[in-house]
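One file, run17.cif, is given below (mmCIF, C-alpha atoms).
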```
data_final
loop_
_atom_site.group_PDB
_atom_site.id
_atom_site.type_symbol
_atom_site.label_atom_id
_atom_site.label_comp_id
_atom_site.auth_asym_id
_atom_site.auth_seq_id
_atom_site.Cartn_x
_atom_site.Cartn_y
_atom_site.Cartn_z
ATOM 1 C CA MET R 1 13.084 -88.596 3.132
ATOM 2 C CA VAL R 2 12.128 -85.662 0.940
ATOM 3 C CA ALA R 3 9.350 -84.418 3.218
ATOM 4 C CA PRO R 4 11.509 -84.233 6.399
ATOM 5 C CA LYS R 5 14.222 -82.351 4.510
ATOM 6 C CA ARG R 6 11.680 -79.894 3.174
ATOM 7 C CA LYS R 7 10.171 -79.396 6.622
ATOM 8 C CA ARG R 8 13.627 -78.917 8.124
ATOM 9 C CA ALA R 9 14.457 -76.315 5.463
ATOM 10 C CA GLU R 10 11.188 -74.494 6.178
ATOM 11 C CA ARG R 11 11.906 -74.493 9.927
ATOM 12 C CA GLU R 12 15.411 -73.148 9.274
ATOM 13 C CA ALA R 13 14.015 -70.394 7.036
ATOM 14 C CA GLU R 14 11.484 -69.421 9.688
ATOM 15 C CA SER R 15 14.107 -69.379 12.443
ATOM 16 C CA LEU R 16 16.668 -67.470 10.340
ATOM 17 C CA PRO R 17 17.589 -64.155 11.981
ATOM 18 C CA SER R 18 17.072 -61.198 9.666
ATOM 19 C CA PRO R 19 17.358 -57.421 10.117
ATOM 20 C CA PRO R 20 14.289 -55.780 11.680
ATOM 21 C CA GLY R 21 11.650 -55.033 9.090
ATOM 22 C CA TYR R 22 13.148 -57.372 6.453
ATOM 23 C CA SER R 23 12.042 -60.746 5.101
ATOM 24 C CA ALA R 24 14.587 -63.434 4.137
ATOM 25 C CA ILE R 25 14.450 -65.217 0.762
ATOM 26 C CA PRO R 26 16.887 -68.153 0.386
ATOM 27 C CA ILE R 27 18.556 -68.596 -3.006
ATOM 28 C CA LYS R 28 21.062 -71.092 -4.420
ATOM 29 C CA PHE R 29 23.420 -70.713 -7.343
ATOM 30 C CA SER R 30 22.489 -74.145 -8.713
ATOM 31 C CA GLU R 31 20.925 -77.439 -7.654
ATOM 32 C CA LYS R 32 24.348 -78.848 -6.720
ATOM 33 C CA GLN R 33 24.834 -76.228 -4.052
ATOM 34 C CA GLN R 34 23.700 -77.330 -0.601
ATOM 35 C CA ALA R 35 24.068 -74.092 1.383
ATOM 36 C CA SER R 36 21.679 -71.246 0.731
ATOM 37 C CA HIS R 37 22.368 -67.551 0.363
ATOM 38 C CA TYR R 38 19.747 -65.152 1.722
ATOM 39 C CA LEU R 39 18.306 -62.007 0.214
ATOM 40 C CA TYR R 40 16.747 -59.546 2.659
ATOM 41 C CA VAL R 41 13.804 -57.656 1.209
ATOM 42 C CA ARG R 42 11.365 -55.004 2.352
ATOM 43 C CA GLU R 43 9.095 -52.394 0.844
ATOM 44 C CA HIS R 44 10.894 -49.271 -0.277
ATOM 45 C CA ARG R 45 9.746 -46.334 1.844
ATOM 46 C CA VAL R 46 10.860 -42.738 2.221
ATOM 47 C CA ARG R 47 9.990 -40.076 4.736
ATOM 48 C CA GLU R 48 6.763 -38.186 4.257
ATOM 49 C CA GLY R 49 7.265 -35.143 2.070
ATOM 50 C CA THR R 50 10.441 -36.541 0.457
ATOM 51 C CA ASN R 51 10.573 -37.150 -3.265
ATOM 52 C CA SER R 52 11.914 -40.458 -4.519
ATOM 53 C CA ALA R 53 12.949 -41.752 -7.914
ATOM 54 C CA TRP R 54 11.261 -45.073 -7.129
ATOM 55 C CA PRO R 55 7.440 -45.411 -7.089
ATOM 56 C CA GLN R 56 5.868 -46.071 -3.731
ATOM 57 C CA LYS R 57 3.922 -49.293 -3.003
ATOM 58 C CA ARG R 58 5.521 -50.971 -6.042
ATOM 59 C CA THR R 59 9.252 -50.932 -5.254
ATOM 60 C CA LEU R 60 11.022 -53.775 -3.459
ATOM 61 C CA PHE R 61 14.322 -52.962 -1.746
ATOM 62 C CA VAL R 62 16.740 -55.937 -1.715
ATOM 63 C CA LEU R 63 19.878 -56.327 0.420
ATOM 64 C CA ASN R 64 22.773 -58.802 0.225
ATOM 65 C CA VAL R 65 22.624 -59.375 -3.539
ATOM 66 C CA PRO R 66 25.618 -61.605 -4.506
ATOM 67 C CA PRO R 67 27.934 -60.657 -7.407
ATOM 68 C CA TYR R 68 26.748 -63.542 -9.601
ATOM 69 C CA CYS R 69 23.120 -62.387 -9.393
ATOM 70 C CA THR R 70 22.540 -59.925 -12.230
ATOM 71 C CA GLU R 71 19.575 -57.692 -12.949
ATOM 72 C CA GLY R 72 18.201 -60.282 -15.340
ATOM 73 C CA CYS R 73 18.509 -63.013 -12.699
ATOM 74 C CA LEU R 74 16.636 -60.949 -10.119
ATOM 75 C CA SER R 75 13.902 -60.157 -12.612
ATOM 76 C CA ARG R 76 13.521 -63.844 -13.443
ATOM 77 C CA LEU R 77 13.537 -64.956 -9.792
ATOM 78 C CA LEU R 78 10.851 -62.448 -8.791
ATOM 79 C CA SER R 79 8.726 -62.642 -11.943
ATOM 80 C CA PRO R 80 6.423 -65.373 -10.459
ATOM 81 C CA CYS R 81 5.233 -62.747 -7.965
ATOM 82 C CA GLY R 82 4.154 -60.348 -10.697
ATOM 83 C CA ARG R 83 5.360 -58.577 -13.793
ATOM 84 C CA VAL R 84 8.649 -56.781 -13.104
ATOM 85 C CA GLN R 85 8.952 -53.302 -14.617
ATOM 86 C CA SER R 86 12.614 -52.591 -13.876
ATOM 87 C CA VAL R 87 15.564 -53.786 -11.795
ATOM 88 C CA GLU R 88 18.589 -51.681 -10.844
ATOM 89 C CA LEU R 89 21.665 -52.780 -8.902
ATOM 90 C CA GLN R 90 23.709 -50.305 -6.878
ATOM 91 C CA GLU R 91 26.681 -50.327 -4.555
ATOM 92 C CA LYS R 92 24.708 -48.736 -1.713
ATOM 93 C CA PRO R 93 21.185 -47.394 -1.119
ATOM 94 C CA ASP R 94 20.266 -44.424 -3.275
ATOM 95 C CA LEU R 95 19.311 -41.310 -1.302
ATOM 96 C CA ALA R 96 18.885 -39.038 -4.317
ATOM 97 C CA GLU R 97 15.524 -37.329 -4.615
ATOM 98 C CA SER R 98 15.717 -36.436 -8.300
ATOM 99 C CA PRO R 99 15.196 -38.984 -11.074
ATOM 100 C CA LYS R 100 18.309 -40.306 -12.768
ATOM 101 C CA GLU R 101 19.398 -39.858 -16.341
ATOM 102 C CA PRO R 102 18.704 -42.787 -18.690
ATOM 103 C CA VAL R 103 21.359 -45.484 -18.633
ATOM 104 C CA SER R 104 23.619 -45.532 -21.680
ATOM 105 C CA LYS R 105 24.356 -48.685 -23.615
ATOM 106 C CA PHE R 106 28.018 -47.731 -24.062
ATOM 107 C CA PHE R 107 28.844 -45.453 -21.134
ATOM 108 C CA HIS R 108 27.991 -47.208 -17.893
ATOM 109 C CA PRO R 109 29.627 -47.153 -14.448
ATOM 110 C CA LYS R 110 32.160 -49.765 -13.432
ATOM 111 C CA PRO R 111 30.405 -52.830 -11.980
ATOM 112 C CA VAL R 112 30.611 -53.312 -8.232
ATOM 113 C CA PRO R 113 32.828 -56.331 -7.458
ATOM 114 C CA GLY R 114 31.178 -57.215 -4.138
ATOM 115 C CA PHE R 115 27.667 -57.521 -2.758
ATOM 116 C CA GLN R 116 25.082 -54.966 -3.834
ATOM 117 C CA VAL R 117 21.603 -53.641 -3.166
ATOM 118 C CA ALA R 118 18.760 -53.700 -5.664
ATOM 119 C CA TYR R 119 15.571 -51.783 -6.415
ATOM 120 C CA VAL R 120 12.920 -53.958 -8.069
ATOM 121 C CA VAL R 121 9.883 -52.130 -9.434
ATOM 122 C CA PHE R 122 6.721 -54.137 -10.116
ATOM 123 C CA GLN R 123 3.942 -52.994 -12.390
ATOM 124 C CA LYS R 124 1.359 -53.595 -9.653
ATOM 125 C CA PRO R 125 1.505 -53.347 -5.833
ATOM 126 C CA SER R 126 0.358 -56.966 -5.567
ATOM 127 C CA GLY R 127 3.670 -58.118 -7.057
ATOM 128 C CA MET R 128 5.624 -56.397 -4.311
ATOM 129 C CA SER R 129 3.367 -57.899 -1.625
ATOM 130 C CA ALA R 130 3.798 -61.390 -3.114
ATOM 131 C CA ALA R 131 7.593 -60.963 -3.146
ATOM 132 C CA LEU R 132 7.588 -60.190 0.578
ATOM 133 C CA ALA R 133 5.841 -63.513 1.227
ATOM 134 C CA LEU R 134 8.051 -65.482 -1.170
ATOM 135 C CA ARG R 135 9.670 -68.693 0.097
ATOM 136 C CA GLY R 136 12.621 -70.466 -1.442
ATOM 137 C CA PRO R 137 15.099 -71.662 -2.125
ATOM 138 C CA LEU R 138 15.246 -70.063 -5.592
ATOM 139 C CA LEU R 139 17.784 -71.202 -8.189
ATOM 140 C CA VAL R 140 19.880 -68.536 -9.895
ATOM 141 C CA SER R 141 21.442 -70.748 -12.585
ATOM 142 C CA THR R 142 19.224 -73.341 -14.286
ATOM 143 C CA GLU R 143 19.440 -75.375 -17.463
ATOM 144 C CA SER R 144 17.098 -73.009 -19.280
ATOM 145 C CA HIS R 145 18.784 -69.875 -17.858
ATOM 146 C CA PRO R 146 22.436 -70.706 -17.119
ATOM 147 C CA VAL R 147 24.672 -68.100 -15.504
ATOM 148 C CA LYS R 148 28.085 -67.898 -17.159
ATOM 149 C CA THR R 149 31.122 -68.304 -14.929
ATOM 150 C CA GLY R 150 34.872 -68.655 -15.374
ATOM 151 C CA VAL R 151 36.255 -68.573 -18.919
ATOM 152 C CA HIS R 152 32.801 -68.404 -20.490
ATOM 153 C CA LYS R 153 32.037 -65.266 -18.498
ATOM 154 C CA TRP R 154 35.316 -63.616 -19.528
ATOM 155 C CA ILE R 155 34.688 -64.416 -23.195
ATOM 156 C CA SER R 156 31.198 -62.913 -22.963
ATOM 157 C CA GLU R 157 32.503 -59.778 -21.241
ATOM 158 C CA TYR R 158 35.192 -59.348 -23.906
ATOM 159 C CA ALA R 159 32.628 -59.741 -26.682
ATOM 160 C CA ASP R 160 30.421 -57.116 -25.039
ATOM 161 C CA SER R 161 33.388 -54.729 -24.742
ATOM 162 C CA VAL R 162 33.784 -54.557 -28.551
ATOM 163 C CA LEU R 163 31.617 -51.590 -29.548
ATOM 164 C CA ASP R 164 29.890 -50.738 -32.800
ATOM 165 C CA PRO R 165 31.463 -47.436 -34.008
ATOM 166 C CA GLU R 166 28.371 -46.267 -35.871
ATOM 167 C CA ALA R 167 26.029 -46.886 -32.935
ATOM 168 C CA LEU R 168 28.498 -45.225 -30.571
ATOM 169 C CA ARG R 169 28.777 -42.152 -32.821
ATOM 170 C CA ALA R 170 25.001 -41.899 -33.057
ATOM 171 C CA GLU R 171 24.608 -41.995 -29.258
ATOM 172 C CA VAL R 172 27.364 -39.391 -28.747
ATOM 173 C CA ASP R 173 25.762 -37.085 -31.325
ATOM 174 C CA THR R 174 22.385 -37.443 -29.627
ATOM 175 C CA PHE R 175 23.895 -36.683 -26.226
ATOM 176 C CA MET R 176 25.772 -33.618 -27.495
ATOM 177 C CA GLU R 177 22.667 -32.254 -29.201
ATOM 178 C CA ALA R 178 20.706 -32.574 -25.959
ATOM 179 C CA TYR R 179 23.592 -30.982 -24.024
ATOM 180 C CA ASP R 180 23.876 -28.028 -26.436
ATOM 181 C CA THR R 181 20.119 -27.460 -26.228
ATOM 182 C CA LYS R 182 20.262 -27.527 -22.426
ATOM 183 C CA MET R 183 23.187 -25.084 -22.282
ATOM 184 C CA ALA R 184 21.469 -22.715 -24.743
ATOM 185 C CA GLU R 185 18.322 -22.721 -22.606
ATOM 186 C CA GLU R 186 20.321 -22.006 -19.439
ATOM 187 C CA GLU R 187 22.220 -19.175 -21.147
ATOM 188 C CA ALA R 188 18.999 -17.625 -22.431
ATOM 189 C CA LYS R 189 17.434 -17.887 -18.980
ATOM 190 C CA ALA R 190 20.488 -16.290 -17.335
ATOM 191 C CA LYS R 191 20.450 -13.469 -19.892
ATOM 192 C CA GLU R 192 16.787 -12.769 -19.139
ATOM 193 C CA GLU R 193 17.378 -12.733 -15.362
ATOM 194 C CA GLU R 194 20.512 -10.570 -15.586
ATOM 195 C CA GLY R 195 20.041 -7.338 -13.651
ATOM 196 C CA VAL R 196 16.443 -8.164 -12.711
ATOM 197 C CA PRO R 197 15.816 -8.021 -8.928
ATOM 198 C CA ASP R 198 13.874 -10.794 -7.258
ATOM 199 C CA GLU R 199 10.900 -10.455 -4.916
ATOM 200 C CA GLU R 200 13.102 -9.225 -2.056
ATOM 201 C CA GLY R 201 15.016 -6.786 -4.210
ATOM 202 C CA TRP R 202 18.229 -8.794 -4.567
ATOM 203 C CA VAL R 203 20.021 -8.902 -7.913
ATOM 204 C CA LYS R 204 21.685 -12.156 -8.841
ATOM 205 C CA VAL R 205 25.297 -11.722 -9.953
ATOM 206 C CA THR R 206 26.271 -13.984 -12.846
ATOM 207 C CA ARG R 207 29.383 -14.493 -14.927
ATOM 208 C CA ARG R 208 27.831 -12.506 -17.734
ATOM 209 C CA GLY R 209 28.618 -8.803 -17.760
ATOM 210 C CA ARG R 210 30.171 -5.913 -19.636
ATOM 211 C CA ARG R 211 33.733 -6.924 -18.787
ATOM 212 C CA SER R 212 34.910 -10.085 -20.473
ATOM 213 C CA ALA R 213 36.344 -12.821 -18.307
ATOM 214 C CA LEU R 214 40.111 -13.027 -17.924
ATOM 215 C CA PRO R 215 41.559 -15.725 -20.194
ATOM 216 C CA ARG R 216 43.044 -18.637 -18.295
ATOM 217 C CA THR R 217 46.453 -18.640 -19.987
ATOM 218 C CA GLU R 218 49.987 -18.671 -18.613
ATOM 219 C CA SER R 219 50.781 -15.170 -19.883
ATOM 220 C CA ALA R 220 47.630 -13.754 -18.290
ATOM 221 C CA SER R 221 48.518 -15.414 -14.973
ATOM 222 C CA LEU R 222 52.047 -13.955 -15.105
ATOM 223 C CA ARG R 223 50.654 -10.467 -15.766
ATOM 224 C CA VAL R 224 48.336 -10.760 -12.787
ATOM 225 C CA LEU R 225 51.196 -11.917 -10.527
ATOM 226 C CA GLU R 226 53.451 -9.064 -11.702
ATOM 227 C CA ARG R 227 50.681 -6.541 -11.065
ATOM 228 C CA GLU R 228 50.153 -7.881 -7.554
ATOM 229 C CA LYS R 229 53.905 -7.747 -6.894
ATOM 230 C CA ARG R 230 54.091 -4.083 -7.931
ATOM 231 C CA LYS R 231 51.063 -3.279 -5.802
ATOM 232 C CA ARG R 232 52.677 -4.885 -2.725
ATOM 233 C CA ALA R 233 55.927 -3.028 -3.414
ATOM 234 C CA ARG R 234 54.075 0.322 -3.438
ATOM 235 C CA LYS R 235 52.380 -0.486 -0.159
ATOM 236 C CA GLU R 236 55.590 -1.587 1.559
ATOM 237 C CA LEU R 237 57.032 0.944 4.063
ATOM 238 C CA LEU R 238 60.569 1.940 3.072
ATOM 239 C CA ASN R 239 63.145 3.239 5.629
ATOM 240 C CA PHE R 240 60.596 3.028 8.403
ATOM 241 C CA TYR R 241 62.732 1.157 10.924
ATOM 242 C CA ALA R 242 66.296 1.900 12.084
ATOM 243 C CA TRP R 243 67.637 -1.368 10.728
ATOM 244 C CA GLN R 244 66.190 -0.456 7.311
ATOM 245 C CA HIS R 245 68.207 2.803 7.422
ATOM 246 C CA ARG R 246 71.410 0.938 8.261
ATOM 247 C CA GLU R 247 70.927 -1.666 5.531
ATOM 248 C CA THR R 248 70.132 1.038 2.971
ATOM 249 C CA LYS R 249 73.315 2.974 3.822
ATOM 250 C CA MET R 250 75.464 -0.160 3.724
ATOM 251 C CA GLU R 251 74.044 -1.158 0.346
ATOM 252 C CA HIS R 252 74.653 2.380 -0.964
ATOM 253 C CA LEU R 253 78.294 2.377 0.220
ATOM 254 C CA ALA R 254 78.857 -1.065 -1.307
ATOM 255 C CA GLN R 255 77.506 0.163 -4.633
ATOM 256 C CA LEU R 256 79.770 3.265 -4.487
ATOM 257 C CA ARG R 257 82.858 1.137 -3.777
ATOM 258 C CA LYS R 258 82.004 -1.205 -6.600
ATOM 259 C CA LYS R 259 81.498 1.689 -8.980
ATOM 260 C CA PHE R 260 84.787 3.313 -7.832
ATOM 261 C CA GLU R 261 86.740 0.110 -8.571
ATOM 262 C CA GLU R 262 85.113 -0.209 -11.972
ATOM 263 C CA ASP R 263 85.999 3.420 -12.791
ATOM 264 C CA LYS R 264 89.660 2.858 -11.743
ATOM 265 C CA GLN R 265 89.949 -0.162 -14.012
ATOM 266 C CA ARG R 266 88.392 1.734 -16.907
ATOM 267 C CA ILE R 267 90.819 4.700 -16.437
ATOM 268 C CA GLU R 268 93.846 2.388 -16.334
ATOM 269 C CA LEU R 269 92.699 0.736 -19.525
ATOM 270 C CA MET R 270 92.253 4.096 -21.251
ATOM 271 C CA ARG R 271 95.750 5.239 -20.179
ATOM 272 C CA ALA R 272 97.295 2.041 -21.474
ATOM 273 C CA GLN R 273 95.636 2.524 -24.859
ATOM 274 C CA ARG R 274 96.926 6.163 -25.199
ATOM 275 C CA LYS R 275 100.717 5.283 -25.050
ATOM 276 C CA PHE R 276 102.797 6.633 -27.984
ATOM 277 C CA ARG R 277 104.119 3.834 -30.181
ATOM 278 C CA PRO R 278 105.972 5.216 -33.235
ATOM 279 C CA PHE R 279 107.178 1.774 -34.439
#
```
Would you put the structure from the file into structure tokens?
Amino acid sequence: MVAPKRKRAEREAESLPSPPGYSAIPIKFSEKQQASHYLYVREHRVREGTNSAWPQKRTLFVLNVPPYCTEGCLSRLLSPCGRVQSVELQEKPDLAESPKEPVSKFFHPKPVPGFQVAYVVFQKPSGMSAALALRGPLLVSTESHPVKTGVHKWISEYADSVLDPEALRAEVDTFMEAYDTKMAEEEAKAKEEEGVPDEEGWVKVTRRGRRSALPRTESASLRVLEREKRKRARKELLNFYAWQHRETKMEHLAQLRKKFEEDKQRIELMRAQRKFRPF
């Protein structure tokens, strides 16, 4: 009975439809699971003349990686093909041409909740070739390498979330020292290139200069707005249209009437205060 089942599984794996250019590797979470999940793998290639952070001929690109399959699980599943140098999981394929910064132990991106893609780098090209010809099914969780689920997984994640303050401080200090060194080098380079024309005679304009930058404070912003308001008021055409003449005259007459009434009230008050009162 075992041989027919194995042959049937092999026929199903051979007849499994997969994306063009990919090979299918069946995996199972454990021995109790009957249905298989499939990883789709191919050699990582880029266009000619394009730089890549992943080495050519040694990098395996993996699609349809389930959430319960971690980097350690992938490394263990593919280690029979050859020694694995590194494994990195991502939400989507990486199109960046420049190498990435080293991954921090404390500051890491939020894990992707769904399916992911993976880049598996082997130490030798033969490992990548053997992975393309790999047949399964492969077991993710075994007795020797169990994968934590449920409450055990939550407890492990909580334990990992408790950080060591001293180690965290040391990593932050190291990062800030490297950042300060990088900024000092960029500032020195910009100071050297300031005012120096390039091969075509163009001069690069930088933020450095004789005039200091305007401070980004509320008072400075209010001064700039007031200056712009006065500038617009000087440019505005006064008494240019007929309706502007009429409105100006009406406003002037209203001000005169208001002033006349105020003067009358003031005179009446002064007269009332000058009455003779002997007793």
Using all atoms listed in the file: which of R:Lys258, R:Lys124, R:Lys148, R:Arg169 has the shortest distance to Tyr68 of chain R
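Selected residue with least distance to Tyr68 of chain R: R:Lys148.
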Find the residues near segment 128-138 of chain R: any atom within 9 Å, counting all atoms listed in the file, skip ones fewer than 3 places away on the same chain, and give them as a PyMOL selection string.
chain R and resi 9-10+13+22-30+36-38+41-43+57-60+77-78+80-82+120-125
Expressed in Å to a single decimal, how great is the separation between atom CA of His152 of chain R and atom CA of Gln85 of chain R?
28.8 Å
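Note that atom CA of Asn64 of chain R and atom CA of Arg45 of chain R are 18.1 Å apart.
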